[in-house]
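**Q** Sending over a structure as structure tokens; questions will come in a sec.
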Amino acid sequence: MTESVLLTSIKAPVATLTLNRPKQFNALNGELRAALQEAIREIEANESVRVVILKGEGRGFCAGADLASGLEHPVSKHLEEAYKPSLLGIAESSKLWIAQVHGSAAGIGAAFAMNCDFVTMAEDASIYMAFAAISLVPDGGNTKLLLDAMGYHRALQAIVEGRKIPANECLATGIANLIAPAGNLDAMTMDWAKDLASRAPLATAAAKRLLRAAGGLSFAEAFDAEGKEQDPLTMSHDFATGVKAFFDKRKPIFEGK
């Protein structure tokens with residue numbers, strides 16, 4: 001029996017998705033793309049999951065698109081149908097997503113990593129803008145993700161030079177949240193995921209929505225958006241729980257309602 005190209009493990013409140021084409025450096029072919037779309041939908045519907053870890057099996061996170069069978073044309077239509085649903089599914093998810101990167105996250109694999117809400121990296125890992133080497137521009141949202149993290153000058157340099165951005169630079173520029181020795185990356189990421197999962201899920205989902213949208217808003221619009229998120233939060237059971245725990249000087253247990 002052939003092993004699945006995507007491994008799913010759910011130990012609530014944390015789910016782990018593992019890209020599982022190690023011989024191909026987890027390059028995204030049609031089978032893996034379809035499995036990833038389905039898994040994202042299923043995890044979003046699973047109320048027991050609060051945090052998702054996305055990682056890769058073998059020597060690296062993801063080599064990007066699998067070019068072994070060539071490109072489908074028009075490429076814009078292929079990107080829209082094959083990749084956008086998964087990337088938007090992560091961006092618009094009510095869960096918190098952590099990309100756990102070892103080895104290289106290259107091409108559109110870099111977009112899947114940077115599009116997650118948090119990124120942890122092994123000390124010897126890198127984000128690789130592989131497009132220039134084959135006379136292409138980044139896709140999958142890579143240009144925006146790099147611009148938001150690095151600013152125009154460094155983002156353009158990384159793209160034009162086709163750079164491998166090392167983990168320490170990713171940490172310094174804001175692409176990554178944490179780096180760890182390769183042997184400790186799994187444990188460190190899982191420990192952090194469990195900690196994040198203990199936070200108030202309604203509030204973390206609202207914070208994610210606000211920050212995902214804030215880049216295109218004026219100050220006044222961001223102010224108003226915060227107020228709209230705050231209205232239902234202040235009426236929630238978790239808010240009452242948090243306030244009571246504050247006065248009782250104990251740690252609250254949030255239920256997401």
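By order in the structure tokens, chains are A, B, ...; within a chain, residues start at 1; ligands start at 1, following the order shown.
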Got a sec: who's within 10 Å of Ile43 (chain A), counting only C-alpha atoms, leaving out chain neighbours fewer than 5 positions off, as a VMD selection string?
**A** chain A and resid 8 10 15 to 17 38 48 to 52 93 95
**Q** Using C-alpha atoms, can you write the selected residues to a file as a compact mmCIF listing (two decimals), in the first residue's frame?
**A**
# COMPACT_ATOMS: atom_id res chain seq x y z
CA THR A 8 -2.34 14.16 9.38
CA ILE A 10 -4.53 15.36 15.51
CA ALA A 15 -3.01 19.19 14.57
CA THR A 16 0.07 18.42 12.49
CA LEU A 17 0.13 18.20 8.70
CA GLU A 38 -8.98 18.66 1.73
CA SER A 48 -11.19 20.52 18.85
CA VAL A 49 -8.22 21.96 16.93
CA ARG A 50 -6.87 25.39 17.80
CA VAL A 51 -3.34 25.31 16.34
CA VAL A 52 -1.97 23.60 13.22
CA SER A 93 -8.55 30.04 8.93
CA LYS A 95 -6.97 28.44 13.65
**Q** Can you build me a table of region 102-217 of chain A residues sitting at most 9 Å from region 24-32 of chain A, with the closest atom pair per residue and its distance in Å to one decimal, using only C-alpha atoms, sorted by chain and residue number, as JSON lines?
**A**
{"residue": "A:Ser104", "atom": "CA", "partner": "A:Phe25", "partner_atom": "CA", "distance": 8.9}
{"residue": "A:Ile108", "atom": "CA", "partner": "A:Leu28", "partner_atom": "CA", "distance": 8.8}
{"residue": "A:Gly109", "atom": "CA", "partner": "A:Ala27", "partner_atom": "CA", "distance": 7.9}
**Q** Only N, CA and C atoms, please: the residues just picked out, written as an mmCIF file, in the first residue's frame.
**A**
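Done, and the output landed in out.cif:
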data_model
loop_
_atom_site.group_PDB
_atom_site.id
_atom_site.type_symbol
_atom_site.label_atom_id
_atom_site.label_comp_id
_atom_site.auth_asym_id
_atom_site.auth_seq_id
_atom_site.Cartn_x
_atom_site.Cartn_y
_atom_site.Cartn_z
ATOM 1 N N SER A 104 15.079 23.525 3.325
ATOM 2 C CA SER A 104 14.703 24.676 2.508
ATOM 3 C C SER A 104 13.201 24.735 2.285
ATOM 4 N N ILE A 108 7.118 28.165 -4.363
ATOM 5 C CA ILE A 108 5.813 28.341 -3.741
ATOM 6 C C ILE A 108 5.760 27.647 -2.386
ATOM 7 N N GLY A 109 6.726 26.762 -2.106
ATOM 8 C CA GLY A 109 6.864 26.209 -0.759
ATOM 9 C C GLY A 109 7.189 27.295 0.250
#
**Q** Hey, can you check how far CA of Asp186 (chain A) sits from CA of Lys55 (chain A)?
**A**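 Distance between the two atoms: 9.4 Å.
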**Q** Report as a PDB file with N, CA and C atoms, in the first residue's frame all protein, DNA and RNA residues lying within 10 Å of Gly58 (chain A), evaluated on only C-alpha atoms, omitting residues in the same chain fewer than 4 positions from it.
**A**
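The resulting result-v4.pdb:
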ATOM      1  N   LEU A  19       3.913  17.200   4.960  1.00  0.00           N
ATOM      2  CA  LEU A  19       4.097  16.942   3.535  1.00  0.00           C
ATOM      3  C   LEU A  19       5.002  15.711   3.412  1.00  0.00           C
ATOM      4  N   ASN A  20       4.564  14.712   2.657  1.00  0.00           N
ATOM      5  CA  ASN A  20       5.245  13.415   2.724  1.00  0.00           C
ATOM      6  C   ASN A  20       5.640  12.891   1.337  1.00  0.00           C
ATOM      7  N   ARG A  21       6.450  13.674   0.654  1.00  0.00           N
ATOM      8  CA  ARG A  21       7.096  13.207  -0.582  1.00  0.00           C
ATOM      9  C   ARG A  21       8.605  13.441  -0.429  1.00  0.00           C
ATOM     10  N   PRO A  22       9.231  12.785   0.541  1.00  0.00           N
ATOM     11  CA  PRO A  22      10.617  13.124   0.879  1.00  0.00           C
ATOM     12  C   PRO A  22      11.606  12.933  -0.267  1.00  0.00           C
ATOM     13  N   LYS A  23      11.379  11.950  -1.146  1.00  0.00           N
ATOM     14  CA  LYS A  23      12.311  11.738  -2.256  1.00  0.00           C
ATOM     15  C   LYS A  23      12.267  12.899  -3.249  1.00  0.00           C
ATOM     16  N   GLN A  24      11.145  13.597  -3.283  1.00  0.00           N
ATOM     17  CA  GLN A  24      10.992  14.759  -4.167  1.00  0.00           C
ATOM     18  C   GLN A  24      11.100  16.067  -3.373  1.00  0.00           C
ATOM     19  N   PHE A  25      11.683  16.007  -2.182  1.00  0.00           N
ATOM     20  CA  PHE A  25      11.797  17.175  -1.309  1.00  0.00           C
ATOM     21  C   PHE A  25      10.432  17.836  -1.086  1.00  0.00           C
ATOM     22  N   ASN A  26       9.391  16.988  -1.048  1.00  0.00           N
ATOM     23  CA  ASN A  26       8.020  17.434  -0.784  1.00  0.00           C
ATOM     24  C   ASN A  26       7.506  18.431  -1.816  1.00  0.00           C
ATOM     25  N   CYS A  62       9.834  22.058   1.799  1.00  0.00           N
ATOM     26  CA  CYS A  62       9.139  21.918   0.524  1.00  0.00           C
ATOM     27  C   CYS A  62       9.953  22.569  -0.581  1.00  0.00           C
ATOM     28  N   HIS A 102      12.511  23.137   8.132  1.00  0.00           N
ATOM     29  CA  HIS A 102      13.885  22.648   8.187  1.00  0.00           C
ATOM     30  C   HIS A 102      14.362  22.513   6.741  1.00  0.00           C
ATOM     31  N   GLY A 103      15.665  22.461   6.556  1.00  0.00           N
ATOM     32  CA  GLY A 103      16.162  22.409   5.188  1.00  0.00           C
ATOM     33  C   GLY A 103      15.763  23.675   4.453  1.00  0.00           C
TER      34      GLY A 103
END
**Q** From the list A:Leu87, A:Ala180, A:Ala197, A:Val75, which residue is nearest Ala110 (chain A) when using only C-alpha atoms?
**A** A:Leu87
**Q** Return the single residue from A:Phe239, A:Gln230, A:Asp248, A:Asn46 that is closest to Arg199 (chain A), with distances computed using only C-alpha atoms.
**A**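 Nearest to Arg199 (chain A): A:Phe239.
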**Q** With distances taken over only C-alpha atoms, which of A:Phe61, A:Phe254, A:Phe131, A:Trp97 is nearest to Asn115 (chain A)?
**A** A:Trp97
**Q** Pick from A:Leu71, A:Ile134, A:Cys170, A:Met129: nearest to Ala149 (chain A), with only C-alpha atoms counted?
**A**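 The answer is A:Cys170, which sits nearest to Ala149 (chain A).
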**Q** Running DSSP on the backbone, which parts of region 56-122 of chain A land in helix (DSSP H, G or I), as a VMD selection string?
**A** chain A and resid 75 to 82 84 to 91 108 to 115
**Q** Name the closest residue to Ala125 (chain A) among the candidates A:Ala105, A:Leu233, A:Leu79, A:Val137; distances are taken between atoms, counting only C-alpha atoms.
**A**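 Answer, going by the shortest atom-to-atom distance: A:Ala105.
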**Q** Please provide as a PDB file with C-alpha atoms, in the first residue's frame all residues within 10 Å of Ala133 (chain A), with the sequence filter that same-chain residues fewer than 6 positions apart are discarded (counting only C-alpha atoms).
**A**
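Dumped to out-v1.pdb:
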ATOM      1  CA  ILE A 159      13.931  38.005  -5.583  1.00  0.00           C
ATOM      2  CA  VAL A 160      16.304  39.303  -8.276  1.00  0.00           C
ATOM      3  CA  GLU A 161      19.317  37.456  -6.869  1.00  0.00           C
ATOM      4  CA  GLY A 162      17.326  34.280  -6.233  1.00  0.00           C
ATOM      5  CA  ARG A 163      18.646  34.244  -2.682  1.00  0.00           C
TER       6      ARG A 163
END
**Q** Rounded to one decimal place, report the CA of Met235 (chain A)-CA of Lys249 (chain A) distance in Å.
**A** 21.5 Å
**Q** If you count only C-alpha atoms, which residues fall within 7 Å of Thr18 (chain A), apart from same-chain ones fewer than 6 positions away, as a list of chain:residue names?
**A**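 That gives A:Leu6, A:Leu7, A:Thr8, A:Leu54, A:Lys55, A:Gly56, A:Glu57.
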**Q** For Lys164 (chain A), which of A:Gln37, A:Ser76, A:Thr234, A:Ser126 is the closest residue, counting only C-alpha atoms?
**A** A:Ser126
**Q** Could you give me the residues within region 88-178 of chain A that DSSP places in strand (DSSP E or B), as a PyMOL selection string?
**A** chain A and resi 96-101+104-106+118-122+126-128+164-166+178
**Q** List as a PyMOL selection string the protein and nucleic acid residues near Ala213 (chain A), meaning an atom at most 12 Å away when only C-alpha atoms are counted, but skip any in the same chain fewer than 2 places from it.
**A** chain A and resi 91-92+206-211+215-219+221-223+225-226
